[in-house]
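Below is start18.txt, holding compact mmCIF, C-alpha atoms.
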# COMPACT_ATOMS: atom_id res chain seq x y z
CA LYS A 2 0.00 0.00 0.00
CA VAL A 3 1.48 3.31 -1.11
CA ASN A 4 1.86 5.95 1.55
CA LYS A 5 -0.34 8.92 0.62
CA ILE A 6 2.30 11.47 1.60
CA ALA A 7 4.91 9.73 -0.52
CA LEU A 8 2.52 9.60 -3.44
CA SER A 9 1.67 13.28 -3.12
CA LEU A 10 5.36 14.18 -3.06
CA ALA A 11 6.01 12.01 -6.10
CA ALA A 12 3.14 13.62 -8.00
CA ALA A 13 4.39 17.07 -7.04
CA ALA A 14 7.83 16.15 -8.34
CA LEU A 15 6.27 15.16 -11.66
CA ILE A 16 4.51 18.52 -11.89
CA VAL A 17 7.63 20.53 -11.08
CA THR A 18 9.75 18.52 -13.49
CA SER A 19 7.22 19.01 -16.27
CA LEU A 20 7.54 22.76 -15.93
CA LEU A 21 11.20 22.51 -16.83
CA SER A 22 10.63 20.95 -20.23
CA THR A 23 9.22 22.28 -23.47
CA VAL A 24 9.39 18.89 -25.18
CA THR A 25 6.09 17.23 -26.04
CA SER A 26 5.13 13.75 -27.07
CA ALA A 27 4.98 13.11 -30.81
CA SER A 28 2.14 10.63 -30.38
CA ALA A 29 -1.59 11.27 -30.77
CA ALA A 30 -3.14 11.89 -27.36
CA ASN A 31 -3.89 10.20 -24.08
CA GLU A 32 -7.58 10.13 -23.26
CA ILE A 33 -9.44 10.73 -20.01
CA THR A 34 -12.91 9.14 -19.94
CA LEU A 35 -15.90 9.43 -17.62
CA THR A 36 -18.51 6.68 -17.27
CA ALA A 37 -21.63 6.71 -15.09
CA ASP A 38 -23.43 3.58 -13.92
CA LYS A 39 -26.83 5.20 -14.64
CA SER A 40 -28.13 7.43 -17.42
CA ALA A 41 -31.13 8.62 -15.37
CA VAL A 42 -31.70 8.99 -11.63
CA LYS A 43 -34.18 10.20 -9.04
CA PRO A 44 -33.52 12.32 -5.93
CA GLY A 45 -31.95 10.19 -3.20
CA GLU A 46 -30.26 7.80 -5.62
CA ARG A 47 -26.52 7.36 -6.00
CA ILE A 48 -24.44 7.85 -9.14
CA ASN A 49 -21.09 6.11 -9.46
CA VAL A 50 -18.73 7.85 -11.88
CA THR A 51 -15.58 6.06 -13.03
CA MET A 52 -12.67 8.02 -14.46
CA GLY A 53 -10.60 6.05 -16.93
CA PHE A 54 -7.33 6.46 -18.82
CA ILE A 55 -6.73 5.33 -22.40
CA PRO A 56 -3.09 5.86 -23.41
CA ASP A 57 -1.65 6.92 -26.72
CA GLU A 58 1.42 5.08 -28.02
CA THR A 59 3.59 6.71 -25.34
CA GLY A 60 1.29 6.72 -22.31
CA ALA A 61 1.76 8.76 -19.15
CA ALA A 62 3.51 8.46 -15.79
CA GLY A 63 1.70 11.14 -13.81
CA ILE A 64 -1.76 12.74 -13.89
CA THR A 65 -3.60 15.40 -11.90
CA VAL A 66 -7.27 15.74 -12.83
CA ASN A 67 -10.09 17.71 -11.22
CA LEU A 68 -13.51 16.10 -11.59
CA HIS A 69 -16.19 18.80 -11.50
CA TYR A 70 -19.88 18.41 -10.64
CA ASP A 71 -22.86 20.61 -9.74
CA PRO A 72 -23.03 20.83 -5.93
CA ASP A 73 -26.55 22.28 -6.11
CA LYS A 74 -27.87 19.00 -7.50
CA ILE A 75 -25.60 16.31 -6.04
CA GLU A 76 -23.24 15.81 -3.14
CA VAL A 77 -20.12 13.70 -3.10
CA TYR A 78 -20.19 10.48 -1.11
CA ILE A 79 -17.00 9.74 0.81
CA PRO A 80 -16.58 5.96 1.11
CA SER A 81 -15.09 4.24 4.13
CA GLN A 82 -11.94 2.14 3.93
CA SER A 83 -14.05 -1.02 4.04
CA GLU A 84 -16.10 -0.10 0.97
CA THR A 85 -13.85 -1.77 -1.56
CA GLU A 86 -16.34 -1.31 -4.41
CA TYR A 87 -15.21 2.33 -4.58
CA LYS A 88 -11.52 1.44 -4.94
CA ALA A 89 -10.61 1.42 -8.63
CA GLU A 90 -8.17 -1.22 -9.83
CA SER A 91 -5.72 1.26 -11.32
CA GLN A 92 -2.25 0.79 -12.74
CA PHE A 93 -1.44 4.21 -11.25
CA SER A 94 -0.98 4.75 -7.53
CA VAL A 95 -3.90 7.09 -6.89
CA VAL A 96 -4.92 9.54 -4.18
CA THR A 97 -8.52 10.82 -4.39
CA ASP A 98 -9.30 14.03 -2.50
CA TYR A 99 -13.07 14.13 -2.04
CA ASP A 100 -12.90 17.31 0.05
CA TYR A 101 -10.69 19.27 -2.35
CA SER A 102 -13.29 22.02 -2.83
CA GLU A 103 -17.04 22.40 -3.30
CA GLY A 104 -18.00 20.90 -6.62
CA THR A 105 -14.58 19.34 -7.24
CA VAL A 106 -12.95 15.98 -6.56
CA ARG A 107 -9.19 15.96 -7.17
CA ILE A 108 -7.53 12.81 -8.47
CA VAL A 109 -3.73 12.46 -8.48
CA GLY A 110 -2.14 9.40 -10.04
CA ALA A 111 1.52 8.52 -10.43
CA ASN A 112 3.53 5.50 -11.46
CA LEU A 113 6.20 5.43 -8.78
CA THR A 114 8.46 3.24 -10.91
CA SER A 115 8.98 6.27 -13.20
CA GLU A 116 7.66 4.41 -16.23
CA ASN A 117 4.78 5.28 -18.52
CA ILE A 118 1.47 3.46 -18.22
CA THR A 119 0.78 2.19 -21.74
CA SER A 120 -2.43 0.20 -21.37
CA ALA A 121 -5.96 1.30 -20.55
CA THR A 122 -6.80 1.49 -16.86
CA SER A 123 -9.27 3.04 -14.45
CA LEU A 124 -8.15 5.97 -12.31
CA ALA A 125 -10.82 6.42 -9.65
CA ILE A 126 -14.46 5.83 -8.76
CA ALA A 127 -16.40 8.74 -7.27
CA ALA A 128 -19.91 8.36 -5.87
CA PHE A 129 -22.54 11.08 -5.66
CA THR A 130 -25.98 11.29 -4.03
CA VAL A 131 -28.74 13.18 -5.83
CA LYS A 132 -30.16 15.93 -3.63
CA SER A 133 -33.84 16.38 -2.83
CA GLY A 134 -35.52 18.62 -5.37
CA ALA A 135 -32.86 18.10 -8.04
CA SER A 136 -34.05 17.88 -11.64
CA GLY A 137 -32.78 18.22 -15.17
CA ASP A 138 -29.30 17.38 -16.40
CA ILE A 139 -26.54 16.53 -13.94
CA ASN A 140 -23.18 17.22 -15.57
CA PHE A 141 -19.68 15.93 -14.85
CA TRP A 142 -16.58 17.28 -16.53
CA THR A 143 -12.83 17.44 -16.00
CA GLU A 144 -9.94 19.85 -15.79
CA VAL A 145 -6.61 18.17 -16.47
CA GLU A 146 -4.00 20.14 -14.56
CA THR A 147 -1.07 17.87 -15.34
CA MET A 148 -0.31 14.92 -17.55
CA VAL A 149 3.33 13.97 -17.96
CA SER A 150 5.21 11.10 -19.53
CA VAL A 151 8.76 9.84 -19.25
CA SER A 152 11.07 10.42 -22.22
CA ASP A 153 14.79 10.34 -22.90
CA SER A 154 14.95 13.98 -21.81
CA GLY A 155 13.08 13.38 -18.54
CA TYR A 156 9.47 14.16 -17.69
CA VAL A 157 7.61 15.99 -20.46
CA ASN A 158 4.05 17.18 -20.89
CA SER A 159 1.77 14.75 -22.68
CA PRO A 160 -1.00 15.55 -25.17
CA TYR A 161 -4.46 14.59 -23.96
CA SER A 162 -8.19 14.87 -24.51
CA ALA A 163 -10.86 14.88 -21.81
CA PRO A 164 -14.52 15.75 -21.16
CA THR A 165 -14.94 19.50 -20.69
CA GLU A 166 -17.67 21.71 -19.28
CA GLU A 167 -18.80 22.31 -22.87
CA ALA A 168 -18.89 18.55 -23.62
CA PRO A 169 -19.64 16.85 -20.28
CA LEU A 170 -20.88 13.48 -19.16
CA THR A 171 -24.60 14.01 -18.52
CA VAL A 172 -27.00 12.06 -16.33
CA SER A 173 -30.65 13.12 -16.34
CA CYS A 174 -32.65 13.50 -13.15
CA SER A 175 -36.25 12.47 -13.72
CA ASP A 176 -39.14 10.61 -12.10
CA GLU A 177 -38.05 7.26 -13.50
CA ALA A 178 -34.47 5.91 -13.43
CA ASP A 179 -33.07 3.21 -15.67
CA ASP A 180 -30.01 1.01 -15.65
CA ASP A 181 -28.42 2.18 -18.89
CA THR A 182 -24.81 3.24 -18.74
CA ALA A 183 -23.85 6.73 -19.82
CA THR A 184 -20.37 7.26 -21.17
CA THR A 185 -18.49 10.31 -22.36
CA THR A 186 -15.16 9.92 -24.11
CA THR A 187 -13.00 12.18 -26.21
CA LYS A 188 -11.10 11.28 -29.33
CA SER A 189 -9.32 14.33 -30.73
CA ALA A 190 -5.72 15.13 -29.85
CA PHE A 191 -3.90 18.28 -29.00
CA THR A 192 -0.49 19.02 -27.55
CA THR A 193 0.49 21.04 -24.51
CA THR A 194 3.85 22.54 -23.66
CA THR A 195 3.11 23.81 -20.17
CA SER A 196 1.69 22.21 -17.07
CA LYS A 197 -1.69 23.85 -17.67
CA SER A 198 -3.63 22.78 -20.76
CA THR A 199 -6.74 23.91 -22.56
CA ASN A 200 -9.12 21.67 -24.41
CA ASP A 201 -10.78 22.20 -27.76
CA ALA A 202 -14.46 21.69 -26.97
CA ASP A 203 -15.23 21.07 -30.64
CA SER A 204 -13.07 17.96 -30.56
CA GLN A 205 -15.16 16.18 -27.95
CA THR A 206 -17.19 13.11 -28.84
CA THR A 207 -20.00 11.79 -26.67
CA THR A 208 -20.85 8.13 -26.98
Could you take the file, read its structure, and then write that structure out as structure tokens?
Amino acid sequence: KVNKIALSLAAAALIVTSLLSTVTSASAANEITLTADKSAVKPGERINVTMGFIPDETGAAGITVNLHYDPDKIEVYIPSQSETEYKAESQFSVVTDYDYSEGTVRIVGANLTSENITSATSLAIAAFTVKSGASGDINFWTEVETMVSVSDSGYVNSPYSAPTEEAPLTVSCSDEADDDTATTTTKSAFTTTTSKSTNDADSQTTT
């Protein structure tokens, strides 16, 4: 079991190192995905949202992602240590900060062996309870603060795509819920050269 302090320090080191490099990956783009276990809910029900990682040909060694949600409609559920169903089987060592700020769950993942993750994996599972009186669309989107990979020149920023506020994962809140799965993924690539990246909303694909 990875010590959370050690993991946080390792992730911070990845971020600092990435600031020192202007080299970017020549590959397409890593992809952050969001998947909900329901497409429609009622007040009082729970939504489980899984964040996933699909690598490009290079992959990534460190990720910091903020998962955003509407705190007026849902509230984050903080699982206990015994609730193993909320522990994602990730190839990254992950720390999930449920109390990061209102409307935001922060997810930090790092491969402490200093190698890139090159196969698809989950990152984290976040659970949310629908508030009384909530209705309409419930949106989830991401802000990728850092994504770095290991190269011959050290840690470099990696290209990525991810669900944005303009192209979110959406779950509807209505009188009747169903068991369909809602998934938002992104397919288009773009490259970043600093630790902060912006996404092209027009490149997002919702499936």
Write out as a CSV table (one decimal) with C-alpha atoms, in the frame of the given file which residues come within 7 Å of Cys174 in chain A when counting all atoms listed in the file, dropping same-chain ones fewer than 3 positions away.
chain,number,residue,atom,x,y,z
A,41,ALA,CA,-31.1,8.6,-15.4
A,42,VAL,CA,-31.7,9.0,-11.6
A,43,LYS,CA,-34.2,10.2,-9.0
A,135,ALA,CA,-32.9,18.1,-8.0
A,136,SER,CA,-34.0,17.9,-11.6
A,137,GLY,CA,-32.8,18.2,-15.2
A,138,ASP,CA,-29.3,17.4,-16.4
A,139,ILE,CA,-26.5,16.5,-13.9
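If you look at CA of Glu46 in chain A and CA of Lys132 in chain A, they are 8.4 Å away from each other.
Using only C-alpha atoms for every distance, the candidate list A:Asp57, A:Glu84, A:Glu90, A:Glu166 yields A:Glu90 as the residue closest to Thr122 in chain A.
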For Val77 in chain A, which residue out of A:Asn117, A:Ser162, A:Thr65, A:Ser102 is the nearest one, using all atoms listed in the file?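 Closest candidate: A:Ser102.
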Using only C-alpha atoms, pick whichever of A:Ala127, A:Ala111, A:Ala121, A:Val50 has the shortest atom-to-atom distance to Thr97 in chain A.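 Of the candidates, the smallest distance to Thr97 in chain A is held by A:Ala127.
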